[in-house]
Structure formats: C-alpha cells, structure tokens
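The next block holds one structure in the form of structure tokens; read it before the comments.
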2 protein chains.
Amino acid sequence: MAISNLQVARAAYQPKLPKALQGPVKAVEGAATQSVGNQEEIKALFPNTYGMPVITFEAGEKVDLPAFNVGIILSGGQAPGGHNVISGLFDGVKSLNPENKLYGFILGPGGLVDHNYMEITSELMDQYRNTGGFDIIGSGRTKLEKEEQFEKGIEILRELGIKALVIIGGDDSNTNACVLAEYYAAKKYGVQVIGCPKTIDGDLKNDEIETSFGFDTACKTYSELIGNIQRDCNSARKYWHFIKVMGRSASHIALECALQCQPNICLVSEEVEAKEQSLDDVVTYIAQAVANRAADGNNFGTVVIPEGIIEFIPAIKKLIAELNEVLVDPATGEMREFPSKEEQVAFVKSHIAAENLAVLESLPADVERQLCLDRDPHGNVQVSLIETEKLLSAMVAKKLEAWKAEGKFVGKFSAQHHFFGYEGRCAAPSNYDADYCYSLGYNASRLIANGKTGYMSIIKNTTAPADQWIAGGVPITKMMNIERRNGANKPVIRKALVELDGAPFKFFAANRDVWAKETAYVYPGPIQYWGPTEVCDQPTKTLQLEQAK
Amino acid sequence: MAISNLQVARAAYQPKLPKALQGPVKAVEGAATQSVGNQEEIKALFPNTYGMPVITFEAGEKVDLPAFNVGIILSGGQAPGGHNVISGLFDGVKSLNPENKLYGFILGPGGLVDHNYMEITSELMDQYRNTGGFDIIGSGRTKLEKEEQFEKGIEILRELGIKALVIIGGDDSNTNACVLAEYYAAKKYGVQVIGCPKTIDGDLKNDEIETSFGFDTACKTYSELIGNIQRDCNSARKYWHFIKVMGRSASHIALECALQCQPNICLVSEEVEAKEQSLDDVVTYIAQAVANRAADGNNFGTVVIPEGIIEFIPAIKKLIAELNEVLVDPATGEMREFPSKEEQVAFVKSHIAAENLAVLESLPADVERQLCLDRDPHGNVQVSLIETEKLLSAMVAKKLEAWKAEGKFVGKFSAQHHFFGYEGRCAAPSNYDADYCYSLGYNASRLIANGKTGYMSIIKNTTAPADQWIAGGVPITKMMNIERRNGANKPVIRKALVELDGAPFKFFAANRDVWAKETAYVYPGPIQYWGPTEVCDQPTKTLQLEQAK
C-alpha cells in the first residue's frame, strides 16, 4: 500500500502527554458533583452514576494489574485525531499490562450490537498513528439507546473479556455512553463505560471540556483555504467570495476562521437568532459592506457563512416549519401526491400563511422552487440541500442592483462560491490535536484502571505546553440537563453555542467593522508539523481568547 | 497590519539559487536556434529576435555595471510564486548595482500603457517574500499587442530610465513579450524585454521549460484537499466524491493530483479527445467503476475531473459550436430577443441539427436549459458556468438506476461535489516554487545584465538539488509556431497538453485499473516548509516521471 512521504514522516511523531500521565498515576477525587440542570430528574435517571466526584490524576506508585481487555467505538461524523485517541488508548492499555488487548467495534455502535469487531494489533495501530480519518475501524450513526442493544452488547463484551468500553463521540453519543454505563452498573455486569468528547463543530464544550477534538485541525484547514482565497481575492480584485463552512447548530468554526483570517464579513448564527434578524437584515448587512468597499474602489471581498445560518433566521425557521407540514395529508400522515410539479408549487403557495408566503416569495426563484418541491421521505424540507452561499449572494446582487438605480451603490458585484466541510473533517491532526487526542485516549486507560464508569476523559489547561496539561475525568451526568427532543423530555449534554458575551465573539465584534471596510486579510497558510513552535503548536484563537479571560 | 505566524516565519526563508547564480556569471552561448515550426514565417515576423542562441550561465568574473532600472509586469491569472520571481529579480538587480531600481507596473500590462506604476522598495519587497498571490502590484489581462500600446509604454520606460522590462505570464503573454522585444529592437529603442514562464495549468512547458511556476504548489494544495476527502470517503464509506480541478485546456493538474492521491477515477481531457469519446462513453466508464466497487461492497469512491473536460468531448464541442451561432441573427450580428425563456428554448431546439439536438436532450434538464438560455455578451455559451462535476454525477446516477433495474448494479450511489480553483492559485509557494521562482527572477537580472532581449528566463534540472540547477535563457521565438486563432494566423508558443505517450500519463494508465477497483488512496497532507527533505522538497510526480525518462 503506497503511503505519502508525509504519512511516513508523521508516523514517527510521538505525541506529547501531560506530566501526570507520563508515569504511574494516582486518582485525586474532588467533591461530589451535581448536574448542570434538573438535578433531581437526572439523579433519578442515573442512580448509579450520578454525583460522582471529578477526578484529577497525579503522579503515583506503580500498581500491578491483572490483564484485561478494552473495547473502542467511534460514533458519528469524522473529526481529525480519532486515530490518535485510539493510539493513546492502545499505548495506555498496553503500558498497564502488555497482555491487555484492545478491540475495535466496526463501523460505529452498530458493531457492538452486531458483534462486528477486530483486534487492534500493534502492526495495525502503527499504520494509523497521527493520521486523519476514522478508517481504522470506521464510524457509524447507530444510536445506542435501547436495552436490547445493551444486552446484545454485553454478550460480545463478555465473550471478548472486555472490562471497559470507550466511546468516542459528540454530545448525543456521550449521553448514550452514560445511559449504557448506568445500565451496566445497575445490572452489575462489571463493564465500565468511558466517553471521549468529539465534535468537529466545537459545540461539545463546557466548564469541564475546553475544546472538542478535531476542531483545531479542521478550523486550521478551512482557514488555510479561506486565506488562499483571500490572497486571490486581493490580487484579482474583482470578486466577492461567499464561503460556507461546517456548523449546523453552532458557528464556532465560522467564528474561529474569522479570527484567523479577518475576512470582510463573518455571519454568526447565534447573533442572527438573538437579534431576531430577518433574511433581509442579513442581506442588507452584507450589501452595505459591499457598497462601502465599492465606494473606496474595492469591488472585492470575502464573506464567511456558517452552514446552519438559514435555520437561525426566525422568519425562515417559521416558513420551514410550516412547509414541513403542508404537504403531509393529516388524514393519512402520508405525503400528498400531485399530478405535476407546478400543481405542487401552487398547492404549497395557497396553503401557507400570508406571512410565510411573503418570505417564500422573497427568495430567489430556484430556492423558492426547491422549498416547495424537494422533500425527504418524512415530508421535511431538505435544508442541508439549500446552497445558502448562493442564496445570499443572489439576494445581495438583487439588492445592489436596486441601490445602483437609486445611486446608493457605485461599483461592480460579481460572486464566487465555496463550501468547505469534507475538506477538513479528515485532515491529519495538527500537533495540538495529535497531542490532545492521544492524551484523551491515554487518559481513558487510567480512568479504566481506576475502575471508573460513566466518566468522560478530560484534558485541561491545553493552552499551556503539553506537560502542564491537567488530566482527569468528569462524571458525564455532571454535564447533563433535561431538554425537549422530538416531543419527549430527555437527559442530554447541553450543546455549547457561540456565546455573544464570550471573549471570542467580543473580540470579533470589536474588530469586524474595521475588517469589513479595510482589506485586513490574514493568510494562515497550511498546518505545519515541523518548524517554529509559534507556527506549529498554537491552539485555536477561540481557545486562546477563552483561556485568557 | 496583522500577519500570521506562518507569514512571519516564512518571510525569513532565503530561497536557494543554482550554483552558477550564486556569484558573478558569464553567458555561454549555444548554436543559433530555429523555431519549433513555421521557421520561415516566424523568422520574417521576428527579424531582430529570431535565431539567437540558447544561453547558459556559468560562474564568471565580476563586472562593474553602471546603474540601470528595471520594470516588471504580472500578466494573467495568479500562480503561487509570483512574488518570489519579483524578489529574485529585485535581489538580482540590486546585486548588480545597489543604485538600480525596480519598478512594478500596476494591475498588469495595462499599467505600462496607462503609466500606472510604483517603485518596489526594499521595505515593500520584504513584506512579500515567499508569499502567495500577485497583490504586491496586482495583475491584469490587458493584451499588449498593438503599436500604440508599445509607444505609450516606451514613454514611461524612458521617463523612468528603464533598461529592461520583465513580463511574467503564460504562453500568450510571453508571445506578446517577444512581439514587444522585436518592436523595441526594430525601433532601436534600447529597451530589452525578458519573459518568465507562468501558468498554473502547467501547459507552458516544452524542451526548454521543465515546468511553469506555481504548478507545484497548486497541485500540492489540491492534492492535500483530495487526500482529505479520500480519507473521509474511506471512513464514512457512503459517498462518491466528484472533484473538479482547474485546467481548461490541459489536464496536467488533474493528472498530477491523480499521481499524488491515487483516486478511483481521474479523467484526462486529452485522452477523451484522442479516443473521440462521447459523453455517454465517459459516463459509462465512471458508472462501470462504481458498479464494480459496489459488487465488492464499496459504495464510495473519488473521481477527479479536469475543468475543461466537456469541451474535449467531440459531440459536445460540436453542440456548443452550433449553440454559439444559433441565437445570433446573421442579418444584424446581434443576439435575437425572445418574449419568454420558453420561446428561446423552443427556438434553439428547432434550429439546431438533429444530431446536436439528441446530444442536448441527453443532458440533465437544468444543463439543457442553461445551454439554451445563458449567453455571454457575444452570444457564446458560458461553458465555464456548467457544473461539470454535477452534470457527470447526475448522468452516472441515471445510468446506474437503469442498470439496477437490469440487475447490473447492486449497491447505492450518492454523490458529493467539489471544485478547487481559487483554493490553490494563491497559496504560499512550496519550497520548490519558492526556490524555482526566485531563481527565475534572479536569472532574469543576469539576462538583462548580458544585454539580452526576446529571451525567456529558464531554469532546468530542477529535480536535482537547487545548487545543481541550470540557469540560462532561451529565445522566445524558438518555442513558436504559427497557429490559427480567431480566424487569423498568429505566431504563438505551442501549448503543452498532456501527452498520452508521456511518462506521467503512461504511469497513470498502467495503474488506474487497480486504483479504480481497490481503495488505494494516498493522503499527501498539507505542504510543509520545514521538516524532512523528502516531505518538503520533492518536485511534482509529473516532473519526476518526465525527468526519469
């Protein structure tokens, strides 16, 4: 199998560990914990895993442990560093006893239920050290939430002599990991469950979790590209580039890219929602920046857009909610059928509220048509298919044309469009993510050795050099509250949206007017693995600003 | 002005020079040259700049030269390394006499004609060393081809005391540089003109020019992204990614990316044309690869597509040629007007040949509509607006559906689309391009010092370490022949398309069946500036294969 020179050289990188994890550890326990909300309800749901103390590891004495086996599962979308969590766990587990084995469940949680697994051998592991992707065992989106799944799981865990299961995933997967931990604890099955915090969107973050892994690498990769586009933009001086980046429910990625690249405009979904902006407000904001730059003779610029923005605009959210229902026949619960597309469009338009119809008709013709016609199998509008970057630029163009006629815009407006998602989700991890993920995995082995279950592996103080990082564990229940999901109350880990009073957004807000008017582009360039530490080893601007508080 | 840490660190990089350029040089002249074709006609057109010898520089004695000034122009689209050509020229010119000045003409050849210029000072230059983009003086697409432009040019050249003008550009710009050199020589204006070979598409390449600058960096940037997508593809295992890359008239970029990444499929426009493939042939080829992988349970893959492919399919080329004419009223030479879009579509369909109509109607509905409706101001189809990657995947999906009904395809097909152009054109130059471009610029100063005009700056043997590179100059007329352009015979530099009997294509062709079936992805990762030399300093695979002959 051919591999690139970078892969060869990078395989030799030994990720850094916090000082406490470099030898035998002892677990120092803090006080008992409470969940962040709905304490009584969470406690009732998790009688065996609620209230446990926060753990911090310090240097300790070596303890000889009998051999045991560990299982690992990758859950959900890819994020850079997943393989390093596994290699950290692998090395940690082997360091406790070389006889220990690590089993990977294949293609996500489904592998546990379907008994689809492989042993992660030393030879296999070495091919994946410091690489991107989740391809070593694959990932999947099966939700582990039913008792029969848990029971199918325990069969194979017992068969393989697995003492502990590590689940790498986002907020939902870690919630489910805790439900599983609780179930196995209640049943006294003797299998521990440990979670690892992953979401590329950066929304699994709280007082305990500084950042979710992969966020650093993904943002740096997108920023490389945005920087390159900005350099082109500033050389050709004739296009406005509309650049959409990942982030359905939170705008952390867009914001971090803006902090790194200083584009003319960056939209933040959370702000649009908080200010209850209309689509026209957003379009006017962009068009005004275009007009201002045009007045200076600059008919070019960049706009960074979070993927989910459209669902944060209250008027669009209402429109979509009604569109999701209008084509379903309430008598049958099935999608209505129409003899022609034109009749379907006409039906939609004549059956929605006047207010929503006005919003619908304000959209470009092709988006209007798509919203009336395209549905997923449940009758829902396929929001992710809307090319928001094109929608916004088309509406900006229309507004500028009107302004031109009024003499309010003197210039040219021509747009290019980009969407970056897959380009960064599987990039080889930056030094930061390589170290952070390896530490998370290694640390998980120490939580296992200390008999913990229902804990999340936690590494803190990561803006300091790695040997000063703080390793430990936090009960997953501590991060939970009760939220309404799909019509039912559920215990969930609270999603971290961009905080408008947080340091990263405030820094952005304080600078964006200058960035909008001037050409203040920064060009971060590609991720570097070797070279000066200020180039290779810096955490994200978001994290630096948050920790500098 | 904020700059990134990478920019700061990279500014300190001192590009490498060929040994011969590290001190004073002497010019060694070869035999008189001939143009590659149409010798008599080229000779007649260029009486003063035809037949000059190839020059090679060797170490020589220091000669004291009186101070002189030099002008520089960036022509056409951005390519990584343009700033390094300028910094090489700057350092070279200053090394000859610190009193020498370098003037940049602003926003391309138009700056010469309009007397729009700036002095490139040491302070300015230092901000742009080893950076991407053309933003130091900007570029432009004005063609320098008329006598009145040449005369306007000489006014400002004389006013600024400019002895030589360096033009950085592609095949057309270098042809025009030679026309200008010839004109000034014939008029005895005493101004030399030197060309530098740039095209990101890699099609300015011949026996004298090993590679055009920026090709290395752009291909490595696109390959980073394709590799990341492949890693995602191989982790998620559920999408076929259709990835379009730059390259209107030549597929060098697509081919180089394929050599670096080993995607399942890479189309090469030159092969499609040579084999006179139909669109259905291309679609069938892709669909068959999808079906073959599906039979192995692999419902995922990658397809790399050169931007220009559609114009290389003979049937589409014919269709477009007829579409370009059908809407123009021969009586007036103007575009016909229609009361509605529907009538325009109907007119087109009823006025083109049956054969072309059949091709048109084989296309997806939205592309068919676009071809009938969208025109540039000259009535031409806007081929660049066709989203070829979506067109191909839609047609592959349709074919697979038919095959599924016949039992010839068992699997799922779901596509994602990407287009990479702006993401790489202004990337900070790789070490190779940083050194190569700096050497090209530095070398141009030696051609100037030796009184040459109508020469292109040439650096060869670039697969060896930089100190073994060979520096010199080649008369631009040597690369010319006569071709028919816009209805007239013109002297032009022959464009280098992908040669189907060349080493890079042959290596690709020998391996592609395996790459199509297996998952043999290579992940090149981001360009590295520091670190192991096999990671940081390798030329393109194309160049390595070509030079290994």
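So you can find residues: chains in the structure tokens are A, B, ... in the order shown, residues in each start at 1, and ligands are numbered from 1 in order.
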
Set out as a Markdown table a contact list for chain A and chain B with a cut-off of 7 Å, giving each residue of chain A that qualifies its closest atom pair and distance in Å to one decimal, counting only C-alpha atoms, ordered by chain and rising residue number.
| residue | atom | partner | partner_atom | distance |
| --- | --- | --- | --- | --- |
| A:Met1 | CA | B:Ala520 | CA | 6.8 |
| A:Ala2 | CA | B:Val522 | CA | 6.5 |
| A:Ile3 | CA | B:Val522 | CA | 5.4 |
| A:Ser4 | CA | B:Pro524 | CA | 5.2 |
| A:Asn5 | CA | B:Val535 | CA | 5.4 |
| A:Leu6 | CA | B:Val535 | CA | 5.5 |
| A:Gly132 | CA | B:Arg231 | CA | 6.9 |
| A:Gly133 | CA | B:Arg231 | CA | 5.4 |
| A:Phe134 | CA | B:Ser235 | CA | 5.1 |
| A:Asp135 | CA | B:Ser235 | CA | 4.2 |
| A:Gly138 | CA | B:Ser235 | CA | 5.3 |
| A:Ser139 | CA | B:Ala236 | CA | 6.7 |
| A:Leu225 | CA | B:Glu423 | CA | 5.4 |
| A:Asn228 | CA | B:Ala427 | CA | 5.2 |
| A:Ile229 | CA | B:Glu423 | CA | 5.5 |
| A:Arg231 | CA | B:Gly133 | CA | 5.4 |
| A:Asp232 | CA | B:Cys426 | CA | 5.4 |
| A:Asn234 | CA | B:Asp135 | CA | 6.1 |
| A:Ser235 | CA | B:Asp135 | CA | 4.2 |
| A:Ala236 | CA | B:Ser139 | CA | 6.8 |
| A:Tyr422 | CA | B:Ile229 | CA | 5.6 |
| A:Glu423 | CA | B:Leu225 | CA | 5.4 |
| A:Gly424 | CA | B:Asn228 | CA | 6.6 |
| A:Arg425 | CA | B:Asp232 | CA | 6.9 |
| A:Cys426 | CA | B:Asn228 | CA | 5.4 |
| A:Ala427 | CA | B:Asn228 | CA | 5.2 |
| A:Ala428 | CA | B:Gly525 | CA | 6.8 |
| A:Ala520 | CA | B:Met1 | CA | 6.8 |
| A:Val522 | CA | B:Ile3 | CA | 5.4 |
| A:Tyr523 | CA | B:Ser4 | CA | 6.0 |
| A:Pro524 | CA | B:Ser4 | CA | 5.2 |
| A:Gly525 | CA | B:Leu6 | CA | 6.5 |
| A:Pro526 | CA | B:Pro526 | CA | 5.8 |
| A:Ile527 | CA | B:Pro526 | CA | 6.4 |
| A:Gln528 | CA | B:Gln528 | CA | 5.9 |
| A:Trp530 | CA | B:Gly531 | CA | 5.1 |
| A:Gly531 | CA | B:Trp530 | CA | 5.1 |
| A:Glu534 | CA | B:Asn5 | CA | 6.4 |
| A:Val535 | CA | B:Asn5 | CA | 5.4 |

Distance table requested - range 153-264 of chain B against range 507-510 of chain B, cut-off 8 Å, only C-alpha atoms: one row per qualifying residue with the closest atom pair and its distance in Å to one decimal, ordered by chain and rising residue number, as a Markdown table.
| residue | atom | partner | partner_atom | distance |
| --- | --- | --- | --- | --- |
| B:Leu255 | CA | B:Phe508 | CA | 7.8 |
| B:Ala258 | CA | B:Phe508 | CA | 7.7 |
| B:Leu259 | CA | B:Phe508 | CA | 6.6 |

Take the residues from that selection and put them in a file with C-alpha atoms, as a PDB file, in the first residue's frame.
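What follows is the written file part_23.pdb:
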ATOM      1  CA  LEU B 255      -3.193  14.083 -13.731  1.00  0.00           C
ATOM      2  CA  ALA B 258      -4.157  11.587  -9.502  1.00  0.00           C
ATOM      3  CA  LEU B 259      -0.488  10.616  -9.318  1.00  0.00           C
TER       4      LEU B 259
END

(request) Pick out each residue of range 351-480 of chain A that DSSP on the backbone tags as alpha helix (DSSP H); I need them as a PyMOL selection string. (result) chain A and resi 351+354-361+365-373+388-405+422-425+431-449

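Taking CA of Phe413 in chain B and CA of Asn299 in chain B as the two end points, the separation is 6.5 Å.
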
(request) Find the residues around Glu483 in chain B up to 9 Å (only C-alpha atoms counted), leave out those fewer than 6 positions away in its own chain, and share them as a PyMOL selection string. (result) chain B and resi 489-492+494

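Take CA of Asp216 in chain A and CA of Pro306 in chain A: the distance between them is 16.5 Å.
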
(message) I want to know what sits within 8 Å of range 242-251 of chain A, based on only C-alpha atoms, with residues of the same chain fewer than 4 positions away left out; could you give that as a ChimeraX atom specification?
(response) /A:201-203,222,226,255,268-270,302-309,388-390,393,415-421,496-498

With C-alpha atoms retained, could you export that selection as an mmCIF file, in the first residue's frame?
data_model
loop_
_atom_site.group_PDB
_atom_site.id
_atom_site.type_symbol
_atom_site.label_atom_id
_atom_site.label_comp_id
_atom_site.auth_asym_id
_atom_site.auth_seq_id
_atom_site.Cartn_x
_atom_site.Cartn_y
_atom_site.Cartn_z
ATOM 1 C CA ASP A 201 -18.364 21.786 15.138
ATOM 2 C CA GLY A 202 -16.901 22.583 18.546
ATOM 3 C CA ASP A 203 -20.241 22.535 20.331
ATOM 4 C CA TYR A 222 -10.522 25.780 6.442
ATOM 5 C CA ILE A 226 -10.009 30.941 3.211
ATOM 6 C CA LEU A 255 -16.014 32.415 14.134
ATOM 7 C CA VAL A 268 -22.688 34.174 13.310
ATOM 8 C CA SER A 269 -25.937 32.227 13.516
ATOM 9 C CA GLU A 270 -26.315 32.752 17.259
ATOM 10 C CA THR A 302 -14.935 37.740 1.475
ATOM 11 C CA VAL A 303 -17.953 36.555 3.436
ATOM 12 C CA VAL A 304 -17.747 33.575 5.780
ATOM 13 C CA ILE A 305 -21.073 31.846 6.404
ATOM 14 C CA PRO A 306 -21.893 29.107 8.910
ATOM 15 C CA GLU A 307 -23.703 26.192 7.300
ATOM 16 C CA GLY A 308 -26.720 26.404 9.575
ATOM 17 C CA ILE A 309 -27.395 30.147 9.335
ATOM 18 C CA THR A 388 -27.037 29.210 1.392
ATOM 19 C CA GLU A 389 -23.898 30.827 -0.002
ATOM 20 C CA LYS A 390 -25.566 31.158 -3.427
ATOM 21 C CA SER A 393 -25.103 36.255 -2.937
ATOM 22 C CA ALA A 415 -19.547 36.479 -6.720
ATOM 23 C CA GLN A 416 -17.774 33.160 -6.363
ATOM 24 C CA HIS A 417 -18.964 30.395 -4.032
ATOM 25 C CA HIS A 418 -17.275 27.790 -1.871
ATOM 26 C CA PHE A 419 -18.335 25.245 0.710
ATOM 27 C CA PHE A 420 -15.808 23.584 2.985
ATOM 28 C CA GLY A 421 -16.783 20.551 5.002
ATOM 29 C CA ALA A 496 -22.341 24.848 23.559
ATOM 30 C CA LEU A 497 -23.367 27.579 21.131
ATOM 31 C CA VAL A 498 -21.285 30.675 20.474
#

(message) Please report the interatomic distance between CA of Val410 in chain B and CA of Pro263 in chain B in Å with one decimal.
(response) 21.8 Å
